[in-house]
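The file start_32.txt comes next; it holds compact mmCIF, C-alpha atoms and all ligand atoms.
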```txt
# COMPACT_ATOMS: atom_id res chain seq x y z
CA MET A 281 56.61 118.96 124.53
CA SER A 282 57.11 120.39 127.99
CA GLU A 283 56.22 117.19 129.85
CA ILE A 284 58.67 115.14 127.75
CA THR A 285 61.39 117.69 128.45
CA ARG A 286 60.67 117.67 132.16
CA GLN A 287 60.97 113.88 132.20
CA LYS A 288 64.25 114.09 130.34
CA LEU A 289 65.54 116.66 132.82
CA LEU A 290 64.52 114.46 135.73
CA ALA A 291 66.39 111.55 134.16
CA TRP A 292 69.41 113.80 133.63
CA MET A 293 69.37 114.91 137.30
CA GLU A 294 69.08 111.30 138.36
CA GLU A 295 72.08 110.30 136.25
CA LYS A 296 74.23 113.24 137.35
CA LYS A 297 73.11 113.00 140.97
CA VAL A 298 72.11 116.64 141.22
CA ASP A 299 69.12 117.70 143.30
CA ALA A 300 67.90 120.56 141.17
CA PHE A 301 68.25 122.30 137.83
CA PHE A 302 68.07 126.08 137.74
CA VAL A 303 66.91 127.28 134.31
CA SER A 304 67.74 130.93 133.67
CA LYS A 305 67.80 131.22 129.87
CA LEU A 306 64.47 132.64 128.86
CA VAL A 307 64.28 130.53 125.71
CA ASN A 308 64.87 127.41 127.79
CA VAL A 309 62.26 128.51 130.32
CA ARG A 310 59.80 128.77 127.46
CA TYR A 311 60.85 125.43 126.03
CA VAL A 312 60.48 123.61 129.33
CA SER A 313 57.40 125.35 130.75
CA GLY A 314 55.52 126.85 127.79
CA TYR A 315 55.62 130.33 129.35
CA THR A 316 55.76 133.11 126.75
CA SER A 317 56.75 136.31 128.55
CA ASP A 318 59.59 137.80 130.58
CA ASP A 319 61.33 137.74 134.01
CA ALA A 320 61.17 134.00 134.50
CA TYR A 321 63.36 131.34 136.08
CA LEU A 322 62.64 127.71 136.82
CA LEU A 323 63.93 125.62 139.65
CA LEU A 324 63.14 121.97 138.98
CA THR A 325 64.03 119.46 141.64
CA ARG A 326 64.81 115.77 141.37
CA ALA A 327 62.12 115.15 143.99
CA GLY A 328 59.51 116.61 141.62
CA GLY A 329 59.37 120.24 142.75
CA ARG A 330 58.50 122.73 140.02
CA TYR A 331 59.13 126.30 141.08
CA PHE A 332 58.51 129.24 138.80
CA LEU A 333 60.33 132.39 139.93
CA THR A 334 58.89 135.63 138.62
CA ASP A 335 57.59 139.00 139.78
CA PRO A 336 54.01 140.26 140.29
CA ARG A 337 53.73 141.60 136.74
CA TYR A 338 53.66 138.05 135.43
CA THR A 339 52.07 135.89 138.10
CA GLU A 340 48.64 135.80 136.46
CA GLN A 341 50.15 134.82 133.13
CA VAL A 342 52.22 132.07 134.76
CA SER A 343 49.15 130.69 136.53
CA ILE A 344 47.38 130.46 133.16
CA GLU A 345 50.25 129.16 131.03
CA CYS A 346 52.01 126.97 133.58
CA PRO A 347 49.38 125.68 136.02
CA ASP A 348 51.64 122.82 137.16
CA TYR A 349 54.21 125.16 138.64
CA GLN A 350 54.36 126.69 142.07
CA ILE A 351 54.85 130.43 141.69
CA VAL A 352 57.56 132.07 143.78
CA GLU A 353 57.56 135.86 143.78
CA TRP A 354 61.27 136.39 144.06
CA ARG A 355 60.96 140.06 145.01
CA LYS A 356 59.48 138.99 148.34
CA CYS A 357 62.83 137.35 149.09
CA GLY A 358 64.77 140.38 147.90
CA SER A 359 66.51 138.82 144.91
CA VAL A 360 66.39 135.79 142.63
CA GLY A 361 69.42 134.44 144.49
CA ALA A 362 67.70 134.82 147.85
CA ALA A 363 64.62 133.03 146.51
CA ILE A 364 66.77 130.12 145.39
CA GLY A 365 68.41 130.13 148.82
CA MET A 366 65.01 129.91 150.49
CA LEU A 367 63.94 127.00 148.26
CA ALA A 368 67.27 125.23 148.65
CA ARG A 369 66.96 125.27 152.45
CA GLN A 370 63.30 124.30 152.35
CA ASP A 371 63.87 121.34 149.99
CA LYS A 372 67.35 120.49 151.28
CA LEU A 373 68.95 120.82 147.86
CA GLN A 374 72.63 119.99 148.05
CA LYS A 375 73.63 120.16 144.41
CA ILE A 376 72.05 122.64 142.04
CA ALA A 377 72.94 122.67 138.34
CA PHE A 378 72.85 126.02 136.57
CA GLU A 379 73.37 127.21 132.99
CA GLU A 380 76.93 128.44 133.07
CA ASP A 381 76.77 130.18 129.69
CA ASP A 382 73.95 132.39 130.91
CA MET A 383 75.32 133.69 134.15
CA VAL A 384 76.89 137.11 134.55
CA TYR A 385 79.25 137.35 137.47
CA GLN A 386 76.95 139.51 139.58
CA PHE A 387 74.05 137.08 139.25
CA TYR A 388 76.29 134.13 140.05
CA SER A 389 77.65 135.87 143.15
CA GLU A 390 74.14 136.66 144.32
CA ILE A 391 73.15 132.99 144.15
CA ARG A 392 76.44 131.73 145.59
CA ASP A 393 76.10 134.04 148.60
CA ALA A 394 72.50 132.97 149.23
CA VAL A 395 72.84 129.18 149.16
CA ASP A 396 74.81 126.60 151.07
CA SER A 397 74.32 124.18 148.18
CA GLU A 398 76.99 123.22 145.70
CA LEU A 399 76.47 125.01 142.40
CA ILE A 400 77.21 122.82 139.38
CA PRO A 401 77.92 124.64 136.11
CA VAL A 402 76.50 122.87 133.08
CA GLU A 403 76.23 123.81 129.42
CA GLY A 404 74.10 122.63 126.54
CA VAL A 405 71.87 120.22 128.49
CA ILE A 406 68.53 121.69 127.41
CA GLU A 407 70.02 122.85 124.11
CA GLU A 408 70.83 119.26 123.19
CA MET A 409 67.24 118.29 123.95
CA ARG A 410 66.03 121.20 121.84
CA SER A 411 67.96 119.93 118.83
CA HIS A 412 65.65 116.91 118.63
CA LYS A 413 62.29 118.11 117.42
CA THR A 414 58.91 116.65 118.31
CA ALA A 415 56.07 116.28 115.81
CA GLN A 416 54.41 119.40 117.18
CA GLU A 417 57.59 121.43 116.93
CA ILE A 418 58.03 120.27 113.33
CA GLU A 419 54.46 121.35 112.61
CA TYR A 420 55.14 124.85 114.00
CA LEU A 421 58.46 125.15 112.19
CA THR A 422 56.85 124.08 108.92
CA ALA A 423 54.19 126.76 109.31
CA SER A 424 56.81 129.35 110.23
CA CYS A 425 58.85 128.55 107.11
CA GLN A 426 55.74 128.60 104.91
CA ILE A 427 54.85 132.11 106.12
CA ALA A 428 58.36 133.37 105.32
CA ALA A 429 58.28 131.75 101.86
CA ASP A 430 54.87 133.26 101.10
CA ALA A 431 56.15 136.66 102.20
CA TYR A 432 58.94 136.35 99.63
CA GLU A 433 56.46 136.37 96.76
CA LYS A 434 54.85 139.45 98.29
CA ILE A 435 58.04 141.43 98.94
CA ILE A 436 59.19 140.83 95.36
CA GLN A 437 56.23 142.97 94.25
CA ASP A 438 57.41 145.82 96.49
CA ILE A 439 61.00 146.00 95.27
CA HIS A 440 61.70 148.86 92.88
CA VAL A 441 64.38 151.44 92.18
CA GLY A 442 64.20 154.23 94.78
CA ILE A 443 62.67 152.37 97.72
CA THR A 444 65.04 152.08 100.69
CA GLU A 445 66.28 148.95 102.40
CA LYS A 446 64.58 150.03 105.65
CA GLU A 447 61.24 150.57 103.95
CA LEU A 448 61.43 147.14 102.35
CA ALA A 449 62.41 145.51 105.66
CA ALA A 450 59.38 147.06 107.36
CA LYS A 451 57.10 145.87 104.56
CA LEU A 452 58.54 142.38 104.82
CA SER A 453 57.76 142.24 108.54
CA LEU A 454 54.22 143.43 107.91
CA HIS A 455 53.69 140.79 105.20
CA MET A 456 54.69 138.07 107.64
CA VAL A 457 52.39 139.34 110.39
CA GLU A 458 49.54 139.54 107.89
CA LEU A 459 50.31 135.98 106.81
CA GLY A 460 49.98 134.71 110.36
CA SER A 461 53.31 135.08 112.15
CA ASP A 462 53.54 136.14 115.78
CA THR A 463 53.66 139.91 116.13
CA MET A 464 57.42 139.93 116.53
CA PRO A 465 59.22 138.79 113.38
CA TYR A 466 62.85 139.01 114.46
CA GLY A 467 65.57 141.25 113.04
CA ASN A 468 65.62 141.01 109.29
CA ILE A 469 68.66 141.47 107.10
CA LEU A 470 67.66 143.31 103.95
CA ILE A 471 70.57 144.87 102.10
CA SER A 472 71.40 145.84 98.55
CA GLY A 473 74.14 146.58 96.04
CA ALA A 474 77.73 146.36 97.32
CA ARG A 475 76.36 146.11 100.86
CA THR A 476 75.28 142.50 100.16
CA SER A 477 78.81 141.35 101.00
CA LEU A 478 78.09 142.26 104.65
CA LEU A 479 77.11 138.87 106.04
CA HIS A 480 74.85 140.33 108.71
CA GLY A 481 74.38 143.87 107.44
CA ILE A 482 71.31 145.66 108.72
CA PRO A 483 68.81 147.57 106.57
CA SER A 484 69.95 151.15 105.90
CA ALA A 485 68.54 154.28 104.29
CA LYS A 486 70.20 153.27 101.01
CA ALA A 487 67.77 153.31 98.11
CA ILE A 488 67.64 150.37 95.70
CA GLU A 489 69.44 151.12 92.44
CA TYR A 490 69.27 149.52 89.01
CA GLY A 491 71.57 146.51 88.82
CA ASP A 492 71.66 145.94 92.58
CA PHE A 493 71.64 142.60 94.23
CA VAL A 494 69.00 142.62 96.99
CA LEU A 495 69.78 140.09 99.70
CA MET A 496 67.04 139.22 102.16
CA ASP A 497 67.85 136.98 105.13
CA TYR A 498 64.81 136.80 107.31
CA GLY A 499 62.26 134.74 109.10
CA CYS A 500 59.37 134.96 111.45
CA GLN A 501 58.09 133.45 114.63
CA TYR A 502 55.09 131.15 114.70
CA LYS A 503 53.91 130.00 118.13
CA GLY A 504 57.44 130.72 119.31
CA TYR A 505 59.17 128.77 116.53
CA LEU A 506 61.41 130.58 114.08
CA SER A 507 61.99 130.32 110.38
CA ASP A 508 65.13 131.46 108.61
CA MET A 509 65.60 131.87 104.88
CA THR A 510 67.69 133.90 102.48
CA ARG A 511 67.15 134.82 98.88
CA THR A 512 69.17 137.13 96.66
CA LEU A 513 67.81 138.66 93.48
CA VAL A 514 68.85 141.26 90.94
CA VAL A 515 66.98 144.49 90.23
CA GLY A 516 67.21 144.77 86.46
CA LYS A 517 69.40 142.68 84.21
CA ALA A 518 72.10 140.59 85.89
CA THR A 519 75.69 141.04 84.77
CA ASP A 520 77.74 138.03 83.69
CA ARG A 521 79.59 138.06 87.00
CA GLN A 522 76.38 138.24 89.02
CA LYS A 523 75.10 135.26 87.01
CA GLU A 524 78.30 133.30 87.56
CA VAL A 525 78.39 133.85 91.31
CA TYR A 526 74.69 133.01 91.57
CA ARG A 527 75.10 129.80 89.58
CA LEU A 528 77.97 128.64 91.83
CA GLU A 529 75.95 129.49 94.92
CA GLN A 530 72.98 127.48 93.63
CA GLU A 531 75.26 124.53 93.01
CA MET A 532 76.73 124.73 96.52
CA VAL A 533 73.25 124.73 98.04
CA LYS A 534 72.23 121.76 95.92
CA ARG A 535 75.29 119.68 96.82
CA MET A 536 75.00 120.46 100.52
CA GLU A 537 71.30 119.71 100.71
CA GLU A 538 71.86 116.35 99.02
CA LYS A 539 74.33 115.50 101.80
CA MET A 540 72.02 116.48 104.65
CA ARG A 541 70.92 113.06 105.85
CA PRO A 542 71.03 111.36 109.26
CA GLY A 543 74.59 110.28 110.02
CA ALA A 544 76.27 112.96 107.91
CA THR A 545 78.83 115.06 109.75
CA SER A 546 78.92 118.85 109.85
CA LYS A 547 82.22 118.79 108.01
CA GLU A 548 81.01 116.49 105.22
CA VAL A 549 78.08 118.76 104.49
CA TYR A 550 80.33 121.82 104.50
CA GLU A 551 82.89 120.15 102.19
CA ALA A 552 80.21 119.18 99.68
CA GLY A 553 79.50 122.88 99.16
CA ALA A 554 83.08 124.11 99.41
CA ASP A 555 84.20 121.62 96.73
CA VAL A 556 82.11 123.50 94.17
CA ILE A 557 84.23 126.64 94.44
CA ARG A 558 87.49 125.23 95.78
CA ASP A 559 89.38 125.77 92.53
CA THR A 560 87.81 129.11 91.65
CA GLU A 561 88.67 132.67 92.58
CA TYR A 562 85.57 132.66 94.79
CA PHE A 563 86.83 130.19 97.38
CA GLN A 564 88.59 133.02 99.23
CA TYR A 565 85.23 134.78 99.56
CA HIS A 566 83.20 132.04 101.23
CA TYR A 567 82.36 131.85 104.91
CA THR A 568 82.64 128.56 106.74
CA GLY A 569 79.57 128.78 109.01
CA VAL A 570 77.08 127.32 106.55
CA GLY A 571 74.15 126.10 108.62
CA HIS A 572 72.59 125.80 112.04
CA GLY A 573 69.78 124.16 113.91
CA ILE A 574 66.69 126.26 114.43
CA GLY A 575 63.75 126.11 116.79
CA MET A 576 62.82 128.56 119.50
CA PHE A 577 66.13 130.25 118.92
CA VAL A 578 67.58 131.16 115.54
CA HIS A 579 71.06 129.71 115.87
CA GLU A 580 71.08 126.53 117.89
CA MET A 581 72.65 123.08 117.81
CA PRO A 582 73.76 121.50 115.54
CA PHE A 583 76.02 123.71 113.44
CA LEU A 584 77.51 123.07 109.98
CA GLY A 585 81.13 123.92 109.24
CA PRO A 586 84.59 122.39 108.89
CA THR A 587 85.47 122.48 112.60
CA HIS A 588 82.18 121.34 114.11
CA LYS A 589 81.85 117.76 115.32
CA TYR A 590 78.12 117.22 115.01
CA VAL A 591 76.52 114.18 113.39
CA LEU A 592 73.07 114.94 111.99
CA SER A 593 70.26 113.04 113.69
CA ASP A 594 66.95 112.03 112.15
CA ASP A 595 64.79 114.53 114.03
CA THR A 596 66.61 117.78 113.38
CA VAL A 597 65.50 120.98 111.68
CA MET A 598 68.36 123.06 110.37
CA THR A 599 69.40 125.57 107.77
CA CYS A 600 71.70 125.26 104.79
CA GLU A 601 73.26 128.59 103.87
CA PRO A 602 76.55 128.72 102.04
CA GLY A 603 77.46 132.07 100.55
CA ILE A 604 79.96 134.02 98.47
CA TYR A 605 80.77 137.50 99.74
CA ILE A 606 83.05 139.77 97.74
CA PRO A 607 83.99 142.93 99.67
CA GLY A 608 83.13 146.10 97.78
CA TRP A 609 81.23 144.19 95.09
CA GLY A 610 78.45 142.26 96.79
CA GLY A 611 77.41 138.83 97.89
CA VAL A 612 74.97 136.03 97.26
CA ARG A 613 73.41 133.78 99.86
CA ILE A 614 70.59 131.30 99.48
CA GLU A 615 69.28 129.70 102.64
CA ASP A 616 66.72 126.97 103.13
CA THR A 617 65.49 125.30 106.30
CA LEU A 618 65.41 121.52 106.11
CA LEU A 619 63.83 118.79 108.16
CA ILE A 620 66.28 115.90 108.41
CA GLY A 621 63.75 113.11 108.85
CA PRO A 622 64.32 109.37 109.16
CA GLU A 623 62.80 108.60 105.75
CA LYS A 624 63.80 111.66 103.81
CA THR A 625 64.99 115.23 104.09
CA VAL A 626 62.19 117.71 103.51
CA ASN A 627 62.84 121.26 102.39
CA LEU A 628 60.60 123.43 104.58
CA THR A 629 61.35 126.59 102.58
CA PRO A 630 59.17 126.35 99.46
CA ALA A 631 60.44 129.55 97.82
CA ARG A 632 61.93 129.59 94.35
CA LYS A 633 65.69 129.61 94.01
CA GLU A 634 66.34 130.43 90.37
CA LEU A 635 67.89 133.82 89.66
CA ILE A 636 65.16 136.44 89.59
CA GLU A 637 65.80 139.57 87.50
CA LEU A 638 63.19 142.16 88.37
MN MN A 701 70.48 131.30 109.15
```

Now, as a test, write the supplied structure out as structure tokens.
Ligand SMILES: [Mn+2]
Amino acid sequence: MSEITRQKLLAWMEEKKVDAFFVSKLVNVRYVSGYTSDDAYLLLTRAGGRYFLTDPRYTEQVSIECPDYQIVEWRKCGSVGAAIGMLARQDKLQKIAFEEDDMVYQFYSEIRDAVDSELIPVEGVIEEMRSHKTAQEIEYLTASCQIAADAYEKIIQDIHVGITEKELAAKLSLHMVELGSDTMPYGNILISGARTSLLHGIPSAKAIEYGDFVLMDYGCQYKGYLSDMTRTLVVGKATDRQKEVYRLEQEMVKRMEEKMRPGATSKEVYEAGADVIRDTEYFQYHYTGVGHGIGMFVHEMPFLGPTHKYVLSDDTVMTCEPGIYIPGWGGVRIEDTLLIGPEKTVNLTPARKELIEL
């Protein structure tokens, strides 16, 4: 995918008449170059220059993973900014685009003081490219989602009264690594009881109690590509209210997923779910951010919600995750990752969704 992206970036530079693109977001560096570690910046020029700025800890890895790039040890210049200044003078770069949403003031000042070039702030250029998935990316995302779904069946066996949220979260990570994920599954949400109304609560020392909801929102990384899924289950027998909230949640997910086709807008998909609970007491307890693209980063374009303006394309992988969160009582979220393909939408999260009472 990196060569396609580089071509797209060259075309973008051509169209915008900029001489170079400075990539500073690590996830974008990985996307464009295939590099998998740290301290990395790319300077790509319209004339075909490919500079990889890093420090001596990583030069061997760059030479292996990115053989097409010329390595620039920025420390030899004193700073990343000074290294860009050196390259800008050498290649006579007059206009350099940079990722404005990834630039702290100090870093920006350092570059500005080191170059005579015009610095052009841009946002979302590589992110937009990342929202369109290639066949290989879809393959990796499918595998990533499969690992997470398989881990669900395993973690269910571990849940019992007395075990803590933190212990379960650690077991869940281990299951995913054993099932083939990269060694760094990212931060998992695993919460229980009344804490399940915390949309992004983190695992605590709370022990699982009889009657608790257990909400697990998690995923793993497979060859750099992330999965994201949520399931909520009940430990013991569900109460009537737990059953009611769960049934409404299931219906919201179903209606939204039916809408997720190329051409649908973010708002339409959101409304399809919201309509299910609009006239119930639960409408006040829903959250409007109900889905997001996913790839090398967990929350990326496009997003689903009433105020977003995205139109779903036919090569997108994204989540569907409405939820009902009642403060002090608990919450239910079910989240799948879907491939919005040209022929059909494929659910990449093959984990059961009926209410499980353990
Ligand atoms: Mn999500």

| query | When you draw a straight line from CA of Glu380 in chain A to CA of Ser317 in chain A, how long is it in Å? | reply |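 Those two atoms sit 22.1 Å apart.
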
| Would you name the residues within 8 Å of ligand MN 701 (chain A), counting only C-alpha atoms and all ligand atoms, and put them as a ChimeraX atom specification? | /A:497,508-510,571-572,578-579,599-601,615

Using all atoms listed in the file, tabulate the residues of range 606-629 of chain A lying at most 8 Å from any atom of range 538-541 of chain A, each with its closest atom pair and that distance in Å to one decimal, by chain and increasing residue number, as a tab-separated table.
```
residue	atom	partner	partner_atom	distance
A:Ile620	CA	A:Arg541	CA	6.0
A:Gly621	CA	A:Arg541	CA	7.8
A:Lys624	CA	A:Arg541	CA	7.5
A:Thr625	CA	A:Arg541	CA	6.6
```

| said: Counting all atoms listed in the file, find residues at most 8 Å from (72.7, 139.2, 112.0) (file frame) and give them as a list in words. | reply: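 Applying the cut-off with all atoms listed in the file, one gets Gly467, Asn468, Ile469, Leu479, His480, Gly481 and Ile482 of chain A.
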
| request: Could you check which of A:Glu637, A:Pro542, A:Val591, A:Leu367 is closest to Glu623 in chain A, using only C-alpha atoms? | output: A:Pro542

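Distances to Trp354 in chain A were evaluated for A:Thr334, A:Gln341, A:Gln564, A:Ser472 using only C-alpha atoms, and the minimum falls at A:Thr334.
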
| message | Which residues are close to Met496 in chain A, i.e. within 10 Å by all atoms listed in the file, leaving aside same-chain residues fewer than 6 positions away? Reply as a list in words. | response |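 After dropping sequence-adjacent residues, the list is Tyr432, Ile435, Glu445, Leu448, Ala449, Leu452, Asn468, Ile469, Leu470, Ile471, Ser472, Thr476, Pro483, Met509, Thr510, Arg511, Thr512, Leu513, Val612, Arg613, Ile614 and Glu615 of chain A.
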
| Taking into account all atoms listed in the file, which residue in the set A:Pro602, A:Gly610, A:Gly365, A:Gly575 is nearest to Lys413 in chain A? |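 Ranking A:Pro602, A:Gly610, A:Gly365, A:Gly575 by distance to Lys413 in chain A, first place goes to A:Gly575.
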
| What separation in Å, quoted to one decimal, exists between CA of Ala554 in chain A and CA of Gly569 in chain A? |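 Computing the Euclidean distance for CA of Ala554 in chain A and CA of Gly569 in chain A yields 11.2 Å.
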
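Nearest residue to Ala431 in chain A among A:Val494, A:Ala631, A:Met536, A:Ala291 is A:Ala631, counting all atoms listed in the file.
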
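A distance cut-off of 8 Å around (69.9, 124.6, 90.2), counting only C-alpha atoms, selects these protein and nucleic acid residues: A:Arg527, A:Gln530, A:Glu531, A:Lys534, A:Lys633, A:Glu634.
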
| field | Interatomic distance, CA of Cys500 in chain A to CA of Asp616 in chain A (Å, one decimal) | value |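 Interatomic distance, CA of Cys500 in chain A to CA of Asp616 in chain A: 13.7 Å.
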
| query | Near Leu421 in chain A, counting all atoms listed in the file, which residues have an atom at most 8 Å away, once you skip same-chain residues fewer than 4 positions from it, shown as a ChimeraX atom specification? | reply | /A:417,425,502,505-507,575

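With distances restricted to only C-alpha atoms, A:Asn308 is the closest residue to Met409 in chain A from A:Phe302, A:Gly611, A:Asn308, A:Val515.
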
Output range 596-622 of chain A from the block with N, CA and C atoms, as a tab-separated table (two decimals), in the first residue's frame?
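Full text of decode14.tsv as output:
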```tsv
chain	number	residue	atom	x	y	z
A	596	THR	N	-14.59	1.23	2.70
A	596	THR	CA	-14.36	1.72	4.06
A	596	THR	C	-14.56	0.59	5.07
A	597	VAL	N	-13.75	0.62	6.13
A	597	VAL	CA	-13.98	-0.29	7.25
A	597	VAL	C	-14.28	0.58	8.45
A	598	MET	N	-15.42	0.35	9.07
A	598	MET	CA	-15.81	1.20	10.19
A	598	MET	C	-16.66	0.48	11.22
A	599	THR	N	-16.76	1.09	12.39
A	599	THR	CA	-17.51	0.45	13.47
A	599	THR	C	-18.94	0.99	13.52
A	600	CYS	N	-19.79	0.20	14.17
A	600	CYS	CA	-21.15	0.61	14.46
A	600	CYS	C	-21.32	0.35	15.95
A	601	GLU	N	-21.54	1.40	16.74
A	601	GLU	CA	-21.55	1.22	18.19
A	601	GLU	C	-22.46	2.18	18.93
A	602	PRO	N	-23.77	2.02	18.71
A	602	PRO	CA	-24.68	2.83	19.54
A	602	PRO	C	-24.61	2.32	20.97
A	603	GLY	N	-25.18	3.06	21.90
A	603	GLY	CA	-25.17	2.58	23.27
A	603	GLY	C	-26.19	3.32	24.12
A	604	ILE	N	-26.53	2.71	25.23
A	604	ILE	CA	-27.44	3.33	26.21
A	604	ILE	C	-26.69	3.31	27.54
A	605	TYR	N	-26.52	4.49	28.12
A	605	TYR	CA	-25.69	4.61	29.33
A	605	TYR	C	-26.48	5.35	30.40
A	606	ILE	N	-26.85	4.63	31.45
A	606	ILE	CA	-27.68	5.22	32.50
A	606	ILE	C	-26.81	5.44	33.75
A	607	PRO	N	-26.52	6.71	34.05
A	607	PRO	CA	-25.60	6.98	35.17
A	607	PRO	C	-26.08	6.32	36.46
A	608	GLY	N	-25.18	5.68	37.17
A	608	GLY	CA	-25.51	5.07	38.45
A	608	GLY	C	-26.18	3.70	38.33
A	609	TRP	N	-26.57	3.34	37.11
A	609	TRP	CA	-27.23	2.03	36.92
A	609	TRP	C	-26.38	1.11	36.05
A	610	GLY	N	-25.91	1.66	34.92
A	610	GLY	CA	-25.10	0.83	34.03
A	610	GLY	C	-25.41	1.14	32.58
A	611	GLY	N	-24.69	0.49	31.71
A	611	GLY	CA	-24.87	0.75	30.29
A	611	GLY	C	-24.69	-0.50	29.47
A	612	VAL	N	-25.17	-0.40	28.22
A	612	VAL	CA	-25.01	-1.50	27.27
A	612	VAL	C	-24.49	-0.93	25.96
A	613	ARG	N	-23.44	-1.53	25.47
A	613	ARG	CA	-22.95	-1.18	24.13
A	613	ARG	C	-22.61	-2.48	23.41
A	614	ILE	N	-22.98	-2.50	22.14
A	614	ILE	CA	-22.58	-3.60	21.26
A	614	ILE	C	-21.90	-2.93	20.09
A	615	GLU	N	-20.74	-3.41	19.73
A	615	GLU	CA	-19.99	-2.77	18.64
A	615	GLU	C	-19.44	-3.83	17.69
A	616	ASP	N	-19.74	-3.63	16.43
A	616	ASP	CA	-19.18	-4.47	15.37
A	616	ASP	C	-18.30	-3.62	14.47
A	617	THR	N	-17.41	-4.26	13.75
A	617	THR	CA	-16.65	-3.58	12.70
A	617	THR	C	-17.13	-4.12	11.36
A	618	LEU	N	-17.45	-3.21	10.46
A	618	LEU	CA	-18.05	-3.61	9.18
A	618	LEU	C	-17.20	-3.15	8.00
A	619	LEU	N	-17.17	-4.00	7.00
A	619	LEU	CA	-16.56	-3.60	5.72
A	619	LEU	C	-17.69	-3.15	4.81
A	620	ILE	N	-17.65	-1.87	4.43
A	620	ILE	CA	-18.67	-1.35	3.51
A	620	ILE	C	-18.12	-1.60	2.11
A	621	GLY	N	-18.47	-2.72	1.52
A	621	GLY	CA	-17.93	-3.06	0.20
A	621	GLY	C	-18.89	-2.66	-0.90
A	622	PRO	N	-18.43	-2.68	-2.15
A	622	PRO	CA	-19.28	-2.28	-3.26
A	622	PRO	C	-20.48	-3.21	-3.46
```
